[in-house]
file coords.tsv (TSV, C-alpha atoms and all ligand atoms)
chain	number	residue	atom	x	y	z
A	1	MET	CA	132.36	198.55	138.79
A	2	PHE	CA	128.69	198.53	137.91
A	3	ALA	CA	129.53	197.55	134.32
A	4	SER	CA	131.85	194.74	135.40
A	5	ARG	CA	129.20	193.39	137.77
A	6	GLN	CA	126.82	193.42	134.86
A	7	VAL	CA	129.36	191.52	132.72
A	8	LEU	CA	129.96	189.02	135.52
A	9	ASN	CA	126.26	188.50	135.96
A	10	ALA	CA	125.87	187.93	132.25
A	11	CYS	CA	128.67	185.32	132.39
A	12	GLN	CA	127.15	183.73	135.42
A	13	ARG	CA	123.80	183.72	133.76
A	14	ARG	CA	125.31	181.96	130.76
A	15	ALA	CA	127.18	179.48	132.97
A	16	PHE	CA	124.16	178.67	135.02
A	17	SER	CA	121.53	179.17	132.39
A	18	ALA	CA	119.19	176.27	132.00
A	19	SER	CA	120.39	173.81	129.42
A	20	ALA	CA	118.00	172.57	126.76
A	21	ARG	CA	117.39	169.50	128.92
A	22	ASP	CA	116.35	171.62	131.88
A	23	LEU	CA	113.84	173.48	129.80
A	24	SER	CA	110.97	171.06	129.74
A	25	LYS	CA	107.86	171.93	127.86
A	26	VAL	CA	105.02	169.55	128.60
A	27	THR	CA	101.97	169.55	126.35
A	28	ILE	CA	98.65	168.00	127.34
A	29	LEU	CA	96.16	167.20	124.57
A	30	GLY	CA	92.69	166.86	126.06
A	31	ALA	CA	93.65	169.09	128.98
A	32	ALA	CA	90.10	170.13	129.90
A	33	GLY	CA	88.78	166.60	130.41
A	34	GLY	CA	88.27	164.48	133.48
A	35	ILE	CA	91.86	163.27	133.38
A	36	GLY	CA	93.27	166.32	131.65
A	37	GLN	CA	92.38	168.83	134.37
A	38	PRO	CA	93.90	167.08	137.40
A	39	LEU	CA	96.83	165.97	135.23
A	40	SER	CA	97.44	169.59	134.24
A	41	LEU	CA	97.28	170.56	137.90
A	42	LEU	CA	99.84	167.90	138.89
A	43	MET	CA	102.19	168.90	136.08
A	44	LYS	CA	101.94	172.54	137.22
A	45	LEU	CA	103.12	171.37	140.63
A	46	ASN	CA	106.11	169.54	139.10
A	47	PRO	CA	109.24	171.71	139.40
A	48	ARG	CA	110.87	169.94	136.43
A	49	VAL	CA	108.29	171.47	134.09
A	50	THR	CA	109.16	174.93	132.78
A	51	GLU	CA	106.35	175.38	130.29
A	52	LEU	CA	102.91	173.84	130.26
A	53	ALA	CA	100.79	173.89	127.09
A	54	LEU	CA	97.15	172.93	127.56
A	55	TYR	CA	95.18	172.05	124.45
A	56	ASP	CA	91.60	170.86	124.16
A	57	ILE	CA	88.87	171.20	121.55
A	58	ARG	CA	86.94	173.00	124.31
A	59	GLY	CA	88.06	174.82	127.40
A	60	GLY	CA	91.88	174.77	127.14
A	61	PRO	CA	92.35	178.51	127.83
A	62	GLY	CA	89.99	178.40	130.83
A	63	VAL	CA	91.85	175.56	132.50
A	64	ALA	CA	95.14	177.28	131.68
A	65	ALA	CA	94.04	180.62	133.19
A	66	ASP	CA	92.96	178.87	136.37
A	67	ILE	CA	96.11	176.78	136.74
A	68	SER	CA	98.40	179.66	135.81
A	69	HIS	CA	97.64	181.36	139.15
A	70	ILE	CA	99.32	178.56	141.07
A	71	ASN	CA	102.57	179.94	142.41
A	72	THR	CA	105.09	177.65	140.79
A	73	LYS	CA	107.57	178.90	138.18
A	74	SER	CA	106.31	177.25	135.00
A	75	THR	CA	104.41	179.27	132.43
A	76	VAL	CA	100.99	178.00	131.38
A	77	THR	CA	99.28	178.66	128.06
A	78	GLY	CA	95.92	177.39	126.89
A	79	TYR	CA	95.24	176.53	123.26
A	80	GLU	CA	92.12	175.99	121.20
A	81	PRO	CA	91.60	174.42	117.77
A	82	THR	CA	92.36	177.65	115.88
A	83	ALA	CA	94.43	177.60	112.69
A	84	SER	CA	97.70	177.20	114.58
A	85	GLY	CA	96.46	176.27	118.09
A	86	LEU	CA	97.42	172.61	118.10
A	87	ARG	CA	100.71	173.23	116.30
A	88	ASP	CA	101.69	176.00	118.73
A	89	ALA	CA	100.78	173.82	121.71
A	90	LEU	CA	103.03	171.03	120.41
A	91	LYS	CA	105.99	173.03	119.10
A	92	GLY	CA	109.13	172.42	121.18
A	93	ALA	CA	107.46	169.94	123.53
A	94	GLU	CA	109.65	167.42	125.28
A	95	VAL	CA	106.71	165.44	126.62
A	96	VAL	CA	103.27	165.19	125.03
A	97	LEU	CA	100.57	163.60	127.18
A	98	ILE	CA	97.43	162.47	125.35
A	99	PRO	CA	94.32	161.93	127.50
A	100	ALA	CA	91.98	163.18	124.72
A	101	GLY	CA	89.04	160.96	123.96
A	102	VAL	CA	85.84	159.47	125.24
A	103	PRO	CA	85.75	157.36	128.41
A	104	ARG	CA	83.84	154.10	128.86
A	105	LYS	CA	80.31	153.71	130.17
A	106	PRO	CA	79.22	150.85	132.46
A	107	GLY	CA	79.38	147.49	130.65
A	108	MET	CA	81.64	148.72	127.87
A	109	THR	CA	85.06	147.20	127.31
A	110	ARG	CA	88.15	149.25	126.59
A	111	ASP	CA	88.91	147.82	123.20
A	112	GLY	CA	85.43	147.22	121.82
A	113	MET	CA	86.43	143.63	121.08
A	114	ASP	CA	85.83	141.71	124.27
A	115	SER	CA	82.54	139.94	124.56
A	116	VAL	CA	79.84	142.09	126.10
A	117	THR	CA	76.33	140.87	126.63
A	118	ALA	CA	74.00	143.34	124.98
A	119	GLU	CA	74.28	144.18	121.31
A	120	ALA	CA	73.82	147.85	122.11
A	121	LEU	CA	76.90	147.78	124.28
A	122	THR	CA	78.89	146.09	121.53
A	123	ASN	CA	77.90	148.90	119.18
A	124	GLN	CA	78.81	151.52	121.78
A	125	SER	CA	82.16	149.83	122.34
A	126	THR	CA	82.83	149.88	118.60
A	127	ASP	CA	81.87	153.56	118.53
A	128	LEU	CA	84.20	154.22	121.43
A	129	PHE	CA	87.03	152.55	119.55
A	130	ASN	CA	86.40	154.44	116.33
A	131	THR	CA	86.02	157.78	118.12
A	132	ASN	CA	89.16	157.46	120.19
A	133	ALA	CA	91.15	155.92	117.34
A	134	SER	CA	90.26	158.87	115.09
A	135	ILE	CA	91.10	161.42	117.79
A	136	VAL	CA	94.45	159.81	118.53
A	137	ARG	CA	95.29	159.41	114.82
A	138	ASP	CA	94.62	163.11	114.18
A	139	LEU	CA	96.57	164.27	117.22
A	140	ALA	CA	99.44	161.96	116.21
A	141	LYS	CA	99.51	163.56	112.76
A	142	ALA	CA	99.82	166.98	114.35
A	143	ALA	CA	102.54	165.78	116.75
A	144	ALA	CA	104.49	164.10	113.94
A	145	ASP	CA	104.55	167.45	112.11
A	146	ALA	CA	105.06	169.85	115.03
A	147	SER	CA	107.01	167.86	117.63
A	148	PRO	CA	108.48	164.78	115.92
A	149	ASN	CA	111.18	164.35	118.58
A	150	ALA	CA	108.93	164.61	121.64
A	151	ASN	CA	108.18	161.71	123.95
A	152	ILE	CA	104.57	160.76	123.23
A	153	LEU	CA	102.65	159.38	126.22
A	154	VAL	CA	99.35	157.84	125.19
A	155	ILE	CA	96.63	157.63	127.83
A	156	SER	CA	93.58	157.48	125.52
A	157	ASN	CA	92.02	154.04	125.41
A	158	PRO	CA	92.26	151.42	124.13
A	159	VAL	CA	95.99	151.87	124.78
A	160	ASN	CA	96.72	148.43	123.23
A	161	SER	CA	95.50	149.86	119.90
A	162	THR	CA	96.06	153.61	120.20
A	163	VAL	CA	99.83	153.20	120.69
A	164	PRO	CA	100.19	151.21	117.43
A	165	ILE	CA	98.00	153.88	115.78
A	166	VAL	CA	100.49	156.60	116.78
A	167	ALA	CA	103.37	154.41	115.56
A	168	GLU	CA	101.73	153.92	112.16
A	169	VAL	CA	101.04	157.64	111.77
A	170	PHE	CA	104.63	158.55	112.70
A	171	LYS	CA	105.93	155.87	110.29
A	172	SER	CA	103.79	157.25	107.48
A	173	LYS	CA	105.40	160.64	108.05
A	174	GLY	CA	108.91	159.16	108.30
A	175	VAL	CA	109.54	160.33	111.88
A	176	TYR	CA	108.83	157.21	113.97
A	177	ASN	CA	111.25	156.66	116.83
A	178	PRO	CA	110.12	153.65	118.91
A	179	LYS	CA	112.21	154.89	121.82
A	180	ARG	CA	109.90	157.86	122.26
A	181	LEU	CA	106.47	156.28	122.16
A	182	PHE	CA	104.86	155.05	125.39
A	183	GLY	CA	101.48	153.67	126.37
A	184	VAL	CA	100.74	154.74	129.93
A	185	THR	CA	100.00	151.58	131.94
A	186	THR	CA	101.08	153.08	135.25
A	187	LEU	CA	97.55	152.98	136.68
A	188	ASP	CA	97.65	149.17	136.63
A	189	VAL	CA	100.86	149.27	138.66
A	190	VAL	CA	99.44	151.86	141.05
A	191	ARG	CA	96.28	149.77	141.56
A	192	ALA	CA	98.27	146.56	142.00
A	193	SER	CA	100.38	147.98	144.81
A	194	ARG	CA	97.31	149.44	146.51
A	195	PHE	CA	95.27	146.22	146.27
A	196	VAL	CA	98.17	144.07	147.54
A	197	SER	CA	98.66	146.44	150.47
A	198	GLN	CA	95.01	146.02	151.38
A	199	ILE	CA	95.48	142.26	151.60
A	200	LYS	CA	98.78	142.50	153.47
A	201	ASN	CA	97.95	145.45	155.71
A	202	SER	CA	101.13	147.08	154.47
A	203	ASP	CA	102.10	150.52	153.22
A	204	PRO	CA	101.38	150.64	149.47
A	205	ALA	CA	104.52	152.72	149.02
A	206	ASP	CA	106.50	149.60	149.95
A	207	GLU	CA	104.61	147.36	147.53
A	208	ASN	CA	106.24	147.06	144.14
A	209	VAL	CA	104.19	144.90	141.80
A	210	THR	CA	105.34	144.42	138.24
A	211	VAL	CA	102.47	144.39	135.75
A	212	VAL	CA	103.23	143.32	132.18
A	213	GLY	CA	101.32	142.78	128.93
A	214	GLY	CA	98.83	145.43	127.88
A	215	HIS	CA	96.19	147.72	129.35
A	216	SER	CA	92.85	145.98	128.99
A	217	GLY	CA	91.21	143.08	130.81
A	218	VAL	CA	93.14	139.83	130.49
A	219	THR	CA	96.04	141.55	128.73
A	220	ILE	CA	96.92	143.04	132.15
A	221	VAL	CA	99.26	140.49	133.76
A	222	PRO	CA	100.34	141.19	137.36
A	223	LEU	CA	103.39	139.22	138.46
A	224	ILE	CA	102.57	138.72	142.13
A	225	SER	CA	105.28	136.04	142.55
A	226	GLN	CA	107.89	138.75	141.90
A	227	SER	CA	106.40	141.13	144.44
A	228	GLY	CA	107.63	139.21	147.49
A	229	HIS	CA	104.17	137.71	148.10
A	230	LYS	CA	104.45	134.12	146.94
A	231	ASP	CA	102.14	133.27	149.84
A	232	ILE	CA	99.17	134.83	148.03
A	233	THR	CA	97.85	131.75	146.24
A	234	GLY	CA	94.66	129.94	145.22
A	235	ASP	CA	91.38	131.84	145.37
A	236	LYS	CA	93.05	134.81	147.03
A	237	LEU	CA	95.44	135.12	144.09
A	238	ASP	CA	92.66	134.70	141.53
A	239	THR	CA	90.58	137.41	143.21
A	240	LEU	CA	93.56	139.76	143.41
A	241	VAL	CA	94.57	139.22	139.77
A	242	ASN	CA	90.98	139.72	138.66
A	243	ARG	CA	90.71	142.93	140.67
A	244	ILE	CA	93.90	144.32	139.11
A	245	GLN	CA	92.76	143.34	135.60
A	246	PHE	CA	89.27	144.76	136.00
A	247	GLY	CA	89.85	147.46	138.67
A	248	GLY	CA	88.82	150.11	136.16
A	249	ASP	CA	85.33	148.58	136.08
A	250	GLU	CA	84.87	149.35	139.79
A	251	VAL	CA	85.27	153.04	138.97
A	252	VAL	CA	83.15	152.95	135.80
A	253	LYS	CA	80.35	151.25	137.74
A	254	ALA	CA	80.56	153.59	140.73
A	255	LYS	CA	80.52	156.66	138.46
A	256	ASP	CA	77.39	155.19	136.91
A	257	GLY	CA	77.69	156.58	133.42
A	258	ALA	CA	79.75	159.66	134.29
A	259	GLY	CA	83.03	158.21	133.01
A	260	SER	CA	85.98	156.13	134.08
A	261	ALA	CA	88.99	156.69	136.34
A	262	THR	CA	90.19	160.26	136.14
A	263	LEU	CA	91.83	161.27	139.42
A	264	SER	CA	93.85	158.10	139.98
A	265	MET	CA	94.70	158.13	136.27
A	266	ALA	CA	95.93	161.71	136.51
A	267	MET	CA	98.18	160.70	139.40
A	268	ALA	CA	99.48	157.72	137.40
A	269	GLY	CA	100.09	159.83	134.28
A	270	ALA	CA	101.89	162.48	136.32
A	271	ARG	CA	104.07	159.79	137.90
A	272	PHE	CA	105.08	158.43	134.51
A	273	ALA	CA	105.77	161.91	133.10
A	274	GLU	CA	107.89	162.71	136.18
A	275	SER	CA	109.92	159.53	135.63
A	276	LEU	CA	110.54	160.46	132.03
A	277	LEU	CA	111.53	164.04	132.87
A	278	LYS	CA	113.81	162.78	135.64
A	279	ALA	CA	115.55	160.38	133.25
A	280	SER	CA	115.80	163.04	130.59
A	281	GLN	CA	117.43	165.40	133.10
A	282	GLY	CA	120.16	162.85	133.81
A	283	VAL	CA	118.88	160.73	136.71
A	284	LYS	CA	120.00	157.12	136.22
A	285	ASN	CA	118.20	153.82	136.81
A	286	VAL	CA	114.70	155.19	136.36
A	287	VAL	CA	112.52	152.15	135.64
A	288	GLU	CA	108.78	152.19	134.90
A	289	PRO	CA	106.53	149.54	133.42
A	290	THR	CA	105.13	150.90	130.15
A	291	PHE	CA	103.68	149.70	126.84
A	292	VAL	CA	106.31	150.16	124.11
A	293	GLU	CA	107.47	148.60	120.88
A	294	SER	CA	109.23	145.59	122.31
A	295	PRO	CA	111.30	142.69	121.01
A	296	LEU	CA	110.10	140.34	123.78
A	297	TYR	CA	107.24	138.60	121.92
A	298	LYS	CA	107.80	139.82	118.37
A	299	ASP	CA	108.37	136.23	117.26
A	300	GLN	CA	104.74	135.60	118.24
A	301	GLY	CA	103.51	138.59	116.25
A	302	VAL	CA	103.15	140.84	119.31
A	303	ASN	CA	105.14	143.98	118.49
A	304	PHE	CA	104.11	146.08	121.48
A	305	PHE	CA	104.29	144.89	125.07
A	306	ALA	CA	104.39	146.45	128.52
A	307	SER	CA	107.23	145.43	130.79
A	308	LYS	CA	109.70	147.24	133.02
A	309	VAL	CA	111.55	149.80	130.93
A	310	GLU	CA	114.64	151.73	131.93
A	311	LEU	CA	114.32	155.34	130.80
A	312	SER	CA	117.00	157.81	129.74
A	313	ALA	CA	117.39	161.09	127.89
A	314	ASP	CA	116.84	159.07	124.71
A	315	GLY	CA	113.52	157.67	125.95
A	316	VAL	CA	113.57	153.89	126.10
A	317	GLU	CA	117.03	152.82	127.28
A	318	LYS	CA	116.51	149.16	128.09
A	319	ILE	CA	113.52	146.84	127.95
A	320	HIS	CA	113.53	144.28	130.74
A	321	SER	CA	112.25	140.78	130.14
A	322	VAL	CA	109.36	139.55	132.28
A	323	GLY	CA	111.67	137.42	134.43
A	324	GLU	CA	110.80	134.11	135.98
A	325	LEU	CA	107.08	133.24	135.91
A	326	THR	CA	105.04	130.71	137.85
A	327	GLU	CA	102.94	128.27	135.86
A	328	HIS	CA	99.88	130.35	136.77
A	329	GLU	CA	101.50	133.54	135.48
A	330	GLN	CA	102.60	131.80	132.30
A	331	GLY	CA	98.94	130.88	131.74
A	332	LEU	CA	97.93	134.53	132.21
A	333	LEU	CA	100.66	135.63	129.81
A	334	ASP	CA	99.58	133.14	127.14
A	335	ALA	CA	96.00	134.46	127.32
A	336	CYS	CA	97.31	138.03	127.23
A	337	LEU	CA	99.34	137.50	124.07
A	338	VAL	CA	96.35	136.15	122.14
A	339	ASP	CA	94.24	139.27	122.85
A	340	LEU	CA	97.11	141.71	122.62
A	341	LYS	CA	98.02	140.55	119.12
A	342	LYS	CA	94.44	141.22	117.98
A	343	ASN	CA	94.32	144.63	119.69
A	344	ILE	CA	97.60	145.71	118.06
A	345	GLU	CA	96.48	144.48	114.64
A	346	LYS	CA	93.21	146.35	115.07
A	347	GLY	CA	95.11	149.62	115.60
A	348	VAL	CA	97.38	149.03	112.60
A	349	GLN	CA	94.40	148.10	110.44
A	350	PHE	CA	92.51	151.21	111.56
A	351	VAL	CA	95.23	153.47	110.16
A	352	LYS	CA	95.39	151.44	106.93
A	353	ASP	CA	91.62	151.77	106.45
A	354	ASN	CA	91.40	155.36	107.70
A	355	PRO	CA	94.70	157.06	106.83
B	401	LIG	P1	86.72	163.16	129.24
B	401	LIG	O1	85.61	163.01	128.26
B	401	LIG	O2	86.40	163.68	130.59
B	401	LIG	O3	87.84	164.11	128.64
B	401	LIG	C1	88.32	163.98	127.34
B	401	LIG	C2	88.73	165.34	126.84
B	401	LIG	O4	89.28	165.17	125.54
B	401	LIG	C3	87.57	166.34	126.73
B	401	LIG	O5	87.91	167.53	127.41
B	401	LIG	C4	87.43	166.56	125.24
B	401	LIG	O6	87.01	167.88	124.89
B	401	LIG	C5	88.85	166.28	124.78
B	401	LIG	N1	88.96	165.98	123.35
B	401	LIG	C6	88.15	165.24	122.57
B	401	LIG	N2	88.61	165.21	121.31
B	401	LIG	C7	89.74	165.95	121.30
B	401	LIG	C8	90.67	166.30	120.30
B	401	LIG	N3	90.53	165.90	119.04
B	401	LIG	N4	91.72	167.06	120.65
B	401	LIG	C9	91.88	167.48	121.92
B	401	LIG	N5	91.03	167.18	122.91
B	401	LIG	C10	89.98	166.43	122.60
B	401	LIG	O7	87.45	161.73	129.31
B	401	LIG	P2	88.50	161.22	130.42
B	401	LIG	O8	87.78	160.57	131.53
B	401	LIG	O9	89.44	162.33	130.71
B	401	LIG	O10	89.24	160.05	129.60
B	401	LIG	C11	90.05	160.35	128.50
B	401	LIG	C12	90.64	159.07	127.89
B	401	LIG	O11	91.52	158.42	128.80
B	401	LIG	C13	89.58	158.03	127.52
B	401	LIG	O12	89.93	157.46	126.28
B	401	LIG	C14	89.72	157.00	128.61
B	401	LIG	O13	89.27	155.73	128.22
B	401	LIG	C15	91.20	157.03	128.84
B	401	LIG	N6	91.65	156.45	130.11
B	401	LIG	C16	92.87	155.84	130.13
B	401	LIG	C17	93.36	155.24	131.27
B	401	LIG	C18	94.69	154.57	131.25
B	401	LIG	O14	95.02	153.91	132.26
B	401	LIG	N7	95.50	154.70	130.24
B	401	LIG	C19	92.58	155.25	132.52
B	401	LIG	C20	91.35	155.96	132.43
B	401	LIG	C21	90.89	156.53	131.25
call {"tool": "encode", "arguments": {"input": "coords.tsv", "output": "structure tokens", "more": "lines below"}}
Ligand code: NAI
result
Amino acid sequence: MFASRQVLNACQRRAFSASARDLSKVTILGAAGGIGQPLSLLMKLNPRVTELALYDIRGGPGVAADISHINTKSTVTGYEPTASGLRDALKGAEVVLIPAGVPRKPGMTRDGMDSVTAEALTNQSTDLFNTNASIVRDLAKAAADASPNANILVISNPVNSTVPIVAEVFKSKGVYNPKRLFGVTTLDVVRASRFVSQIKNSDPADENVTVVGGHSGVTIVPLISQSGHKDITGDKLDTLVNRIQFGGDEVVKAKDGAGSATLSMAMAGARFAESLLKASQGVKNVVEPTFVESPLYKDQGVNFFASKVELSADGVEKIHSVGELTEHEQGLLDACLVDLKKNIEKGVQFVKDNP
């Protein structure tokens, strides 16, 4: 009787055991940073995550020990840059979130290309680009070797360039799958719905604003006409669009040299990761705007573009077009494509010059 119950339990266990898809290891590279810590916390609270790997050049194990006491089921392990630390953190990951890097200081642009007034700031912006580009390139190399089939979610700025950098590294190692590489632009969408709700006195949860293009200044193109608010026009529209495009600057300025958005970014990154995990676990019709390799403007030399993307277990399932645009939005899109092309080329060139 006892033996048969044991056999039955073993069968049941097999029948109900978690499938590979239900076992979701999420790895965060840069887990001890301003974004990394709250992002790690939010992923620990996500019941879809079974294993959380937290890597940073400093402080990964400390953050992991702290978070591991939270009473949700997932296991948490911290990793440091030891001989196998990064590789072990990445091995078997389904989702790899990359918020490693250096944030902006007041006056600096995300891509180090936009015009800034002082020469010193231009130099700092260039340094920011080179630092983050090198960090992302090296982490991409490690991911291409240790977790070539994972979904790679790039948060490190400038996203318009760091995503092409990851693509080039994966290509050079023969493991590039465009369906599994995402630039996280969710914060622009989160901000857009919040800012619209402030104008309309509505609940931001009901505001769904599509934001397309890229993730820097004028490459951020909010499509307010598609949000059900065609009545926002003229100066009001210009102010709103400008606030969505440069909302990050409000945070950089308010933090006064102590960094850029971290908490709202962590929320946005966790939302995107949750969407991907949901889709990978079989939920249908999961759509998120994200920066991916896209056919939409390839004929204009723009190989990566953020638009609404339907997600599935394979990553990118379907890339939606931008839909119908007003003349004003078409103007914004035209300006976006000019800058975006340069940003993408800059990322590709970086890997060519610094393989
Ligand atoms: P932070 O400086 O607070 O944290 C960065 C972390 O990365 C640090 O803990 C650092 O030790 C770690 N790190 C540096 N090099 C590393 C490496 N090679 N491997 C692993 N970890 C490494 O910076 P914060 O505020 O967390 O920002 C991180 C990045 O996210 C920046 O590039 C920032 O511009 C970007 N960002 C992106 C946003 C988006 O919407 N996609 C929004 C806000 C920031």
call {"tool": "axis_aligned_box", "arguments": {"input": "coords.tsv", "around": "stretch 240-258 of chain A", "padding_each_side": "4 Å", "output": "lines of an AutoDock Vina configuration file"}}
result
center_x = 86.0
center_y = 149.4
center_z = 138.4
size_x = 25.2
size_y = 28.4
size_z = 18.0
call {"tool": "closest_atom_pairs", "arguments": {"input": "coords.tsv", "of": "chain A", "to": "ligand LIG 401 (chain B)", "cutoff": "6 Å", "atoms": "only C-alpha atoms and all ligand atoms", "output": "tab-separated table"}}
result
residue	atom	partner	partner_atom	distance
A:Leu29	CA	B:LIG401	C9	5.0
A:Gly30	CA	B:LIG401	N5	3.6
A:Ala32	CA	B:LIG401	O5	4.2
A:Gly33	CA	B:LIG401	O3	3.2
A:Gly34	CA	B:LIG401	O2	3.5
A:Ile35	CA	B:LIG401	O9	3.7
A:Gly36	CA	B:LIG401	O9	5.6
A:Asp56	CA	B:LIG401	N5	3.9
A:Ile57	CA	B:LIG401	N5	4.8
A:Arg58	CA	B:LIG401	O6	5.2
A:Pro99	CA	B:LIG401	C11	4.7
A:Ala100	CA	B:LIG401	O4	3.5
A:Gly101	CA	B:LIG401	O12	4.3
A:Val102	CA	B:LIG401	C13	4.6
A:Pro103	CA	B:LIG401	O13	3.9
A:Arg104	CA	B:LIG401	O13	5.7
A:Ile135	CA	B:LIG401	N3	4.7
A:Ile155	CA	B:LIG401	N7	4.0
A:Ser156	CA	B:LIG401	O12	3.7
A:Asn157	CA	B:LIG401	O12	4.1
A:Val184	CA	B:LIG401	N7	5.2
A:Thr185	CA	B:LIG401	O14	5.5
A:Leu187	CA	B:LIG401	O14	5.2
A:Gly259	CA	B:LIG401	O8	5.5
A:Ser260	CA	B:LIG401	O8	5.4
A:Ala261	CA	B:LIG401	C20	4.6
A:Thr262	CA	B:LIG401	O8	5.2
A:Met265	CA	B:LIG401	C19	5.2
call {"tool": "atom_distance", "arguments": {"input": "coords.tsv", "atom1": "atom CA of A:Leu86", "atom2": "atom CA of A:Ala279"}}
result
26.6 Å
call {"tool": "closest_residue", "arguments": {"input": "coords.tsv", "among": "A:Asp334, A:Asp188, A:Asp238, A:Asp145", "to": "A:Val209", "atoms": "only C-alpha atoms"}}
result
A:Asp188
call {"tool": "residues_around", "arguments": {"input": "coords.tsv", "residues": "A:Leu311", "least_positions_apart": "3", "cutoff": "12 Å", "atoms": "all atoms listed in the file", "output": "number ranges by chain"}}
result
A: 151, 179-182, 272-290, 292, 308, 314-320
call {"tool": "closest_residue", "arguments": {"input": "coords.tsv", "among": "A:Val221, A:Ala335, A:Val26, A:Val189", "to": "A:Glu207", "atoms": "all atoms listed in the file"}}
result
A:Val189
call {"tool": "closest_residue", "arguments": {"input": "coords.tsv", "among": "A:Tyr55, A:Phe195, A:Tyr297, A:Phe129", "to": "A:Gly247", "atoms": "only C-alpha atoms"}}
result
A:Phe195
call {"tool": "atom_distance", "arguments": {"input": "coords.tsv", "atom1": "atom CA of A:Phe291", "atom2": "atom CA of A:Leu41"}}
result
24.5 Å
call {"tool": "residues_around", "arguments": {"input": "coords.tsv", "residues": "stretch 87-91 of chain A", "least_positions_apart": "3", "cutoff": "9 Å", "atoms": "all atoms listed in the file", "output": "list in words"}}
result
Lys25, Val26, Thr27, Ile28, Leu29, Leu52, Ala53, Leu54, Tyr55, Thr77, Gly78, Tyr79, Glu80, Ala83, Ser84, Glu94, Val96, Ala142, Ala143, Asp145, Ala146, Ser147 and Ala150 of chain A
call {"tool": "closest_residue", "arguments": {"input": "coords.tsv", "among": "A:Ile152, A:Val76, A:Ser197, A:Leu45", "to": "A:Asn177", "atoms": "all atoms listed in the file"}}
result
A:Ile152
call {"tool": "atom_distance", "arguments": {"input": "coords.tsv", "atom1": "atom CA of A:Gln226", "atom2": "atom CA of A:Ala306"}}
result
15.8 Å
call {"tool": "closest_residue", "arguments": {"input": "coords.tsv", "among": "A:Asn160, A:Ser68, A:Gln349, A:Ser193", "to": "A:Asn303", "atoms": "only C-alpha atoms"}}
result
A:Asn160
call {"tool": "closest_residue", "arguments": {"input": "coords.tsv", "among": "A:Leu296, A:Leu223, A:Val251, A:Ile165", "to": "A:Val348", "atoms": "all atoms listed in the file"}}
result
A:Ile165
call {"tool": "residues_near_point", "arguments": {"input": "coords.tsv", "point": "(94.9, 143.4, 127.6)", "cutoff": "12 Å", "atoms": "only C-alpha atoms", "output": "number ranges by chain"}}
result
A: 109-114, 157-161, 185, 188, 211-222, 244-246, 291, 302, 304-306, 332-344
call {"tool": "write_last_selection", "arguments": {"input": "coords.tsv", "atoms": "C-alpha atoms", "output": "CSV table (one decimal), in the coordinates of the input"}}
result
chain,number,residue,atom,x,y,z
A,109,THR,CA,85.1,147.2,127.3
A,110,ARG,CA,88.2,149.2,126.6
A,111,ASP,CA,88.9,147.8,123.2
A,112,GLY,CA,85.4,147.2,121.8
A,113,MET,CA,86.4,143.6,121.1
A,114,ASP,CA,85.8,141.7,124.3
A,157,ASN,CA,92.0,154.0,125.4
A,158,PRO,CA,92.3,151.4,124.1
A,159,VAL,CA,96.0,151.9,124.8
A,160,ASN,CA,96.7,148.4,123.2
A,161,SER,CA,95.5,149.9,119.9
A,185,THR,CA,100.0,151.6,131.9
A,188,ASP,CA,97.6,149.2,136.6
A,211,VAL,CA,102.5,144.4,135.8
A,212,VAL,CA,103.2,143.3,132.2
A,213,GLY,CA,101.3,142.8,128.9
A,214,GLY,CA,98.8,145.4,127.9
A,215,HIS,CA,96.2,147.7,129.4
A,216,SER,CA,92.8,146.0,129.0
A,217,GLY,CA,91.2,143.1,130.8
A,218,VAL,CA,93.1,139.8,130.5
A,219,THR,CA,96.0,141.6,128.7
A,220,ILE,CA,96.9,143.0,132.2
A,221,VAL,CA,99.3,140.5,133.8
A,222,PRO,CA,100.3,141.2,137.4
A,244,ILE,CA,93.9,144.3,139.1
A,245,GLN,CA,92.8,143.3,135.6
A,246,PHE,CA,89.3,144.8,136.0
A,291,PHE,CA,103.7,149.7,126.8
A,302,VAL,CA,103.2,140.8,119.3
A,304,PHE,CA,104.1,146.1,121.5
A,305,PHE,CA,104.3,144.9,125.1
A,306,ALA,CA,104.4,146.4,128.5
A,332,LEU,CA,97.9,134.5,132.2
A,333,LEU,CA,100.7,135.6,129.8
A,334,ASP,CA,99.6,133.1,127.1
A,335,ALA,CA,96.0,134.5,127.3
A,336,CYS,CA,97.3,138.0,127.2
A,337,LEU,CA,99.3,137.5,124.1
A,338,VAL,CA,96.4,136.2,122.1
A,339,ASP,CA,94.2,139.3,122.8
A,340,LEU,CA,97.1,141.7,122.6
A,341,LYS,CA,98.0,140.6,119.1
A,342,LYS,CA,94.4,141.2,118.0
A,343,ASN,CA,94.3,144.6,119.7
A,344,ILE,CA,97.6,145.7,118.1
call {"tool": "residues_around", "arguments": {"input": "coords.tsv", "residues": "A:Ile70", "least_positions_apart": "6", "cutoff": "12 Å", "atoms": "only C-alpha atoms", "output": "short mmCIF file (atom, residue, chain, number, x, y, z; two decimals) with C-alpha atoms, in the frame of the given file"}}
result
data_model
loop_
_atom_site.label_atom_id
_atom_site.label_comp_id
_atom_site.auth_asym_id
_atom_site.auth_seq_id
_atom_site.Cartn_x
_atom_site.Cartn_y
_atom_site.Cartn_z
CA SER A 40 97.44 169.59 134.24
CA LEU A 41 97.28 170.56 137.90
CA LEU A 42 99.84 167.90 138.89
CA MET A 43 102.19 168.90 136.08
CA LYS A 44 101.94 172.54 137.22
CA LEU A 45 103.12 171.37 140.63
CA ASN A 46 106.11 169.54 139.10
CA VAL A 63 91.85 175.56 132.50
CA ALA A 64 95.14 177.28 131.68
CA VAL A 76 100.99 178.00 131.38
#
